[in-house]
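Q: One structure coming up, written as structure tokens, with questions to follow.
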Amino acid sequence: MALEKSFTCTLPNGIHARPASALEEVVRDAVSEVIVLNERTQRAANVKSVLSLVAADIRHFDPCLITVNGPDERKVMAALADFIDNQFPLCDQPLAPEVTGRGDVHLPPCLAHAQVVTYPGTTVVSGIAQGRIVRVGGFRVPLGLAESAVSDPTDEWRKLVTALERLHAIYEERVRQASGIEAALLKVHRAIAWDVEFRNQLEDAVTRRHRSAAGAIADAEARFSRELAESGSALLRDRALDIQDVCRELLQQRYGDDVGAQTITLTDDSIVIAESLTPGQFLALPRAFLKGLVLAHGGATSHTVILARSFNVPTLVGVQNLATLHAEEAILDGDLGALVTQLSPAAHRFYKMEHARLAQRRERLQNLSTKSGGVPLEIAANISSAEEAGPAFAAGAGGVGLFRTEMLFFDRPAPPAEDEQFEIYRRALLAASGKTVVIRTLDVGGDKPLFYLNLPIEPNPFLGYRAIRIYPEFESIFVTQIRALLRASAFGRLKIMVPMLATVEEAEWVKTIIDRELAHCGIPQRPPIGAMIEVPAAAFSMDYLCPALDFFSIGSNDLLQYVMAADRGGQRLASLYDPLQPAFLRLLKHIIDSARRHQREISLCGEMGGQLRLLPLLAGSGLNINSVAIPAIPALKAELACLPLADCRQLWESAAACATRKQVGDALDQFADRHAAPLLDPDLIIPNTDPATKEEAIKLAADKLFVMGRTENPRAVEDAIWERECGHSTGFGNGFAIPHCKTNAIRSHSLVALKFSKPVPWDSIDGQPVRVMFLLAVRESDSAINHLKTLAKLARLLMDETFRSRIEAEDGAQSLSCFLHQALLE
Amino acid sequence: MKLIAVTACPTGIAHTYMAAEQLQKTAQKLGHSIKVETQGAMGIENELSADDVASAEAVILASDVCIERAERFDRLRRISVPVGAVLKNPEAVFAQLK
């Protein structure tokens, strides 16, 4: 007598791979048959098969019926019912939005006339790459093998089972050796290879339909790929690639290397294009020559894209019409979101300029960031995997200020073992080569559920049972992590940090556990132990926490929302959830001053630390370390080198004494105006350059502003210039032009001067080519009037022939700058 | 002649002032007196007073945008040109006064 249970899928993203594996785990050892029917689609799935569950395409609000039939049906149904009612709603987390190709490309003016052909897509890993197009094929089973006759189906199946078992052993071994993203991915592969339904399909094809092993594999691949492709979710479509990978390797195990092996050789810098690329195929590509990746399919969440991101290979997805591409030289332009082909001389010049722009900027930031200014604030990196440690230090991080370990615990049926964690922490510490790495212990629960912990659903997760609060109940998980950390501490400068600390008792408990484990592991020296300060209670207990702990890090995101009682996601709360709120600044000041009084190291890790505008405040606050996302590091370090400590301190004191958020904002603006880069700067003068066109001339000037840190978005400056230029030409005759714009893409009013070694064709009002160009970029929101007066004076002087001939006569950047300085400012 | 003028352009950074300068230079060359108000990014500068308007024989409006307080010139003979016209051929603009 079968048992039935109806339920409605409450997961917003439906039953994708993760909830499916959770369900599968509940019934894995059941003797009974367990079937779930999606009543919307009438697709039935074997609950013991993740693949089959996923392919049933169960979406949000779909009505489902579970049937259990067999000797242990009561026990199985009880477990299932408990799971579905209590834990099922938790086995999900928000997914990245689906990635689709865009229809149009907004070409910069220089490229618009370069007659290139572009293939628009969506940039999932940014960067600009150049190389020859190499096409990589998808999954194919040789037809002869698939259709070959089978004389002894029993023997054929036995051989295929052997191949499956070999493959499983191979995956086991690879999982053991891999770590991080690669390990997570290999586990998905292992699960597919061991999937009940996958095996049933193969067995049925060989033993009943007398297909060859190759034919059976091709059929299974086609069936599951089709079902996943038909599902409404990009996440599931991406999983089809994983199935292809497993099928290809199974084929290889059964027939030998000649059939399944990947032999993609790249002999030169290459941009690999493919309809889709399996993670296995990606890993098989020679990385030295792999400059870029272009895929027709594959979303931001596909494993191939995740791998590409961790190896920093610029990648576009959702690119259409790839079949029309040839093996030609091409450029993958991540800024543009397109593959650019049929490179004309103009396009080559454009990308030469792009390379120069990026290289000059890198060089300038590097030079600046090695200079130490007067501010003793270190810029460190926030990371979530050991793989990011290398790039963080390459970007100039002085240390890792926050290594979030949650990622290691997600996407798996059980927490990672001690050895696995040890290996990851060790690698991060080795990559740091002597610099400090602060590793934060598990911060889950609340808004970051882990289904294997079976935590209750709470109405207010941010005020709930999470982070350090769950450690006593899940002591073994915490202890495993601590043991792995203590063992890894021998390999570098490790500091251990706990999240969400609120009380002194919690600090004492953590120390007791760590001391006990130190003795257990036989490690003589305890690494420094610290805590996140993100709960106001902890902020007001600094005098009592300082004696107990070695260092502190302000978690500004959570602290701000707790202090202001304002959710950071609430759009209508944006004025409350603002780090410029003076009450929040006063609390920061209290925390920092207390820590310093007790000679404890104090750092900040949160989004406010990455904002250039707020840097003067933090620089003056007495903070020791500001830990930020990796991409923000170079610009922050360069900016920091130019900040005067005394002024920053004054700013900080006065900001913390403000009554309103507006007053704080005004104080920051005044500080920015006082310390704005000067309008005139010899570095903004290019005395001898030879652009071929007006478009190139304007790009050169905009790029200069980017190199000098006056804009983060030179293409926006160019666009603003061209918007004005379309009205009518700013080539005002006599070989002079004065393109200009007002935009907030620029950080401070700037004057760029270019003198051309040969006249540039221009649509001037007198029809003459141009020899001298002044580009005026005015910051739209800056009301400081002095610079505008200077620009007005320049505009008037340019009407004067004597002035113009002096400009033409000066031939060095320095002398031209001196002359302009005298003429405009004295 | 006794003339007044207003210059204005979309961004108010460059052409407003270039045109003002050009009008002054050309007026001097042609033997006219002129006072030029600029309406640029810094707001109204060298503002024309009621007396300036009352005593002028004509007004030149060189602008690519709407001029503020244009009603001041309602009773006056006026020449309206785009800013570019003043930069390209200023004497042709003054020729319209004849």
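Naming works like this for the structure tokens: A, B, ... for the chains as they're shown, residue 1 at the start of each chain, ligands 1 onward in shown order.
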Per residue of chain B within 8 Å of chain A, which atom pair is closest and at what distance in Å (one decimal), using only C-alpha atoms, listed by chain and increasing number, as JSON lines?
A:
{"residue": "B:Pro10", "atom": "CA", "partner": "A:Arg724", "partner_atom": "CA", "distance": 8.0}
{"residue": "B:Thr11", "atom": "CA", "partner": "A:Lys742", "partner_atom": "CA", "distance": 6.7}
{"residue": "B:Ile13", "atom": "CA", "partner": "A:Ala792", "partner_atom": "CA", "distance": 6.3}
{"residue": "B:Ala14", "atom": "CA", "partner": "A:Ala795", "partner_atom": "CA", "distance": 5.3}
{"residue": "B:His15", "atom": "CA", "partner": "A:Ala795", "partner_atom": "CA", "distance": 7.2}
{"residue": "B:Tyr17", "atom": "CA", "partner": "A:Arg796", "partner_atom": "CA", "distance": 5.6}
{"residue": "B:Met18", "atom": "CA", "partner": "A:Arg796", "partner_atom": "CA", "distance": 4.9}
{"residue": "B:Ala20", "atom": "CA", "partner": "A:Arg796", "partner_atom": "CA", "distance": 7.7}
{"residue": "B:Glu21", "atom": "CA", "partner": "A:Arg796", "partner_atom": "CA", "distance": 5.4}
{"residue": "B:Gln22", "atom": "CA", "partner": "A:Met799", "partner_atom": "CA", "distance": 6.5}
{"residue": "B:Ala41", "atom": "CA", "partner": "A:Leu788", "partner_atom": "CA", "distance": 7.4}
{"residue": "B:Met42", "atom": "CA", "partner": "A:Ile785", "partner_atom": "CA", "distance": 6.7}
{"residue": "B:Gly84", "atom": "CA", "partner": "A:Ile765", "partner_atom": "CA", "distance": 7.9}
{"residue": "B:Leu87", "atom": "CA", "partner": "A:Phe732", "partner_atom": "CA", "distance": 6.7}
{"residue": "B:Lys88", "atom": "CA", "partner": "A:Ile765", "partner_atom": "CA", "distance": 6.0}
Q: Would you list the contacts of Val86 of chain B as a ChimeraX atom specification, taking every protein, DNA or RNA residue within 8 Å and counting only C-alpha atoms, but skipping same-chain residues closer than 6 positions in sequence?
A: /B:19,22-23,62,93
Q: Export, as a short mmCIF file (atom, residue, chain, number, x, y, z; two decimals), in the first residue's frame, the selected residues with N, CA and C atoms.
A:
data_model
loop_
_atom_site.label_atom_id
_atom_site.label_comp_id
_atom_site.auth_asym_id
_atom_site.auth_seq_id
_atom_site.Cartn_x
_atom_site.Cartn_y
_atom_site.Cartn_z
N ALA B 19 32.64 83.70 -27.37
CA ALA B 19 31.77 84.58 -28.16
C ALA B 19 31.78 85.99 -27.56
N GLN B 22 34.95 87.65 -28.57
CA GLN B 22 34.96 87.96 -30.00
C GLN B 22 34.07 89.17 -30.31
N LEU B 23 32.92 89.26 -29.62
CA LEU B 23 32.02 90.41 -29.84
C LEU B 23 32.72 91.70 -29.42
N ALA B 62 23.67 86.07 -28.78
CA ALA B 62 24.43 84.96 -29.37
C ALA B 62 24.28 83.76 -28.46
N VAL B 93 27.93 89.23 -38.44
CA VAL B 93 26.90 89.45 -37.42
C VAL B 93 26.64 90.95 -37.26
#
Q: Can you list every residue in segment 1-93 of chain B that DSSP puts in strand (DSSP E or B), as a count of residues only?
A: 29
Q: Compare B:Thr26, B:Glu47, B:Val53, B:Ile60 by their minimum atom-to-atom distance to Asn89 of chain B, counting only C-alpha atoms, and give me the closest one.
A: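 Answer, going by the shortest atom-to-atom distance: B:Thr26.
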Q: Pick out the residues sitting within 8 Å of segment 167-176 of chain A, and hand them over as a PyMOL selection string; count only C-alpha atoms, and ignore anything fewer than 2 positions along from it in its own chain.
A: chain A and resi 163-165+178-179+183+186-187+189-190+193-194+249-250+253
Q: Going by DSSP on the backbone, which bits of segment 19-69 of chain B are helix (DSSP H, G or I)? Write them as JSON, numbers by chain, please.
A: {"B": [19, 20, 21, 22, 23, 24, 25, 26, 27, 28, 29, 30, 50, 51, 52, 53, 54, 55]}
Q: Can you tell me which residues surround segment 477-482 of chain A at a distance of at most 12 Å, considering only C-alpha atoms, apart from same-chain residues fewer than 4 positions away, and format the answer as a ChimeraX atom specification?
A: /A:405-406,408-409,414-425,439-444,452-453,467-473,486-489,494-498,509-518,520-521,526-527,529
Q: Include C-alpha atoms and write out the residues we just selected as a tab-separated table (two decimals), in the first residue's frame.
A:
chain	number	residue	atom	x	y	z
A	405	THR	CA	35.23	30.75	5.20
A	406	GLU	CA	31.49	30.31	4.55
A	408	LEU	CA	33.87	26.24	1.97
A	409	PHE	CA	30.74	25.09	3.78
A	414	ALA	CA	28.30	17.92	5.07
A	415	PRO	CA	30.90	20.33	6.44
A	416	PRO	CA	34.45	20.03	5.03
A	417	ALA	CA	36.76	17.72	6.96
A	418	GLU	CA	39.68	19.00	9.00
A	419	ASP	CA	42.31	17.97	6.43
A	420	GLU	CA	40.46	19.64	3.60
A	421	GLN	CA	40.17	22.89	5.55
A	422	PHE	CA	43.77	22.70	6.72
A	423	GLU	CA	44.93	22.42	3.12
A	424	ILE	CA	42.93	25.50	2.09
A	425	TYR	CA	44.13	27.66	5.01
A	439	ILE	CA	40.67	34.00	8.83
A	440	ARG	CA	37.14	34.39	10.10
A	441	THR	CA	35.44	31.30	11.48
A	442	LEU	CA	32.17	30.13	10.03
A	443	ASP	CA	29.53	32.89	9.78
A	444	VAL	CA	26.31	31.06	8.89
A	452	TYR	CA	22.76	20.26	7.04
A	453	LEU	CA	22.65	22.22	10.31
A	467	ALA	CA	27.56	32.95	13.58
A	468	ILE	CA	29.24	32.58	17.01
A	469	ARG	CA	25.83	32.01	18.62
A	470	ILE	CA	25.47	28.54	17.06
A	471	TYR	CA	29.01	27.38	17.95
A	472	PRO	CA	28.14	25.78	21.32
A	473	GLU	CA	25.39	23.66	19.71
A	486	LEU	CA	45.83	25.85	14.43
A	487	ARG	CA	47.63	23.27	12.31
A	488	ALA	CA	47.82	25.74	9.41
A	489	SER	CA	49.20	28.47	11.69
A	494	LEU	CA	47.59	33.54	10.91
A	495	LYS	CA	45.06	35.42	13.01
A	496	ILE	CA	41.73	33.85	13.96
A	497	MET	CA	38.62	36.01	14.09
A	498	VAL	CA	35.11	35.16	15.28
A	509	TRP	CA	34.18	30.63	25.65
A	510	VAL	CA	36.03	30.93	22.34
A	511	LYS	CA	39.35	31.30	24.15
A	512	THR	CA	38.67	28.27	26.33
A	513	ILE	CA	37.93	26.11	23.31
A	514	ILE	CA	40.98	27.37	21.44
A	515	ASP	CA	43.27	26.80	24.43
A	516	ARG	CA	41.92	23.28	24.83
A	517	GLU	CA	42.51	22.53	21.13
A	518	LEU	CA	46.01	24.01	21.28
A	520	HIS	CA	45.08	18.73	21.89
A	521	CYS	CA	47.06	19.55	18.72
A	526	ARG	CA	48.46	30.48	20.25
A	527	PRO	CA	47.80	32.62	17.16
A	529	ILE	CA	42.45	35.73	18.52
Q: Atom CA of Phe403 of chain A to atom CA of Asn382 of chain A: how many Å, to one decimal?
A: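 Between atom CA of Phe403 of chain A and atom CA of Asn382 of chain A the gap is 5.9 Å.
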Q: Ranking A:Lys662, A:Lys435, A:His355, A:Arg404 by minimum distance to Gly390 of chain A and counting only C-alpha atoms, which one comes first?
A: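 With only C-alpha atoms as the atom set, the closest residue is A:Lys435.
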Q: Restricting the calculation to only C-alpha atoms, which member of A:Trp722, A:Phe706, A:Tyr544, A:Phe774 is positioned closest to Arg357 of chain A?
A: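 Checking each of A:Trp722, A:Phe706, A:Tyr544, A:Phe774 against Arg357 of chain A, counting only C-alpha atoms, the winner is A:Phe706.
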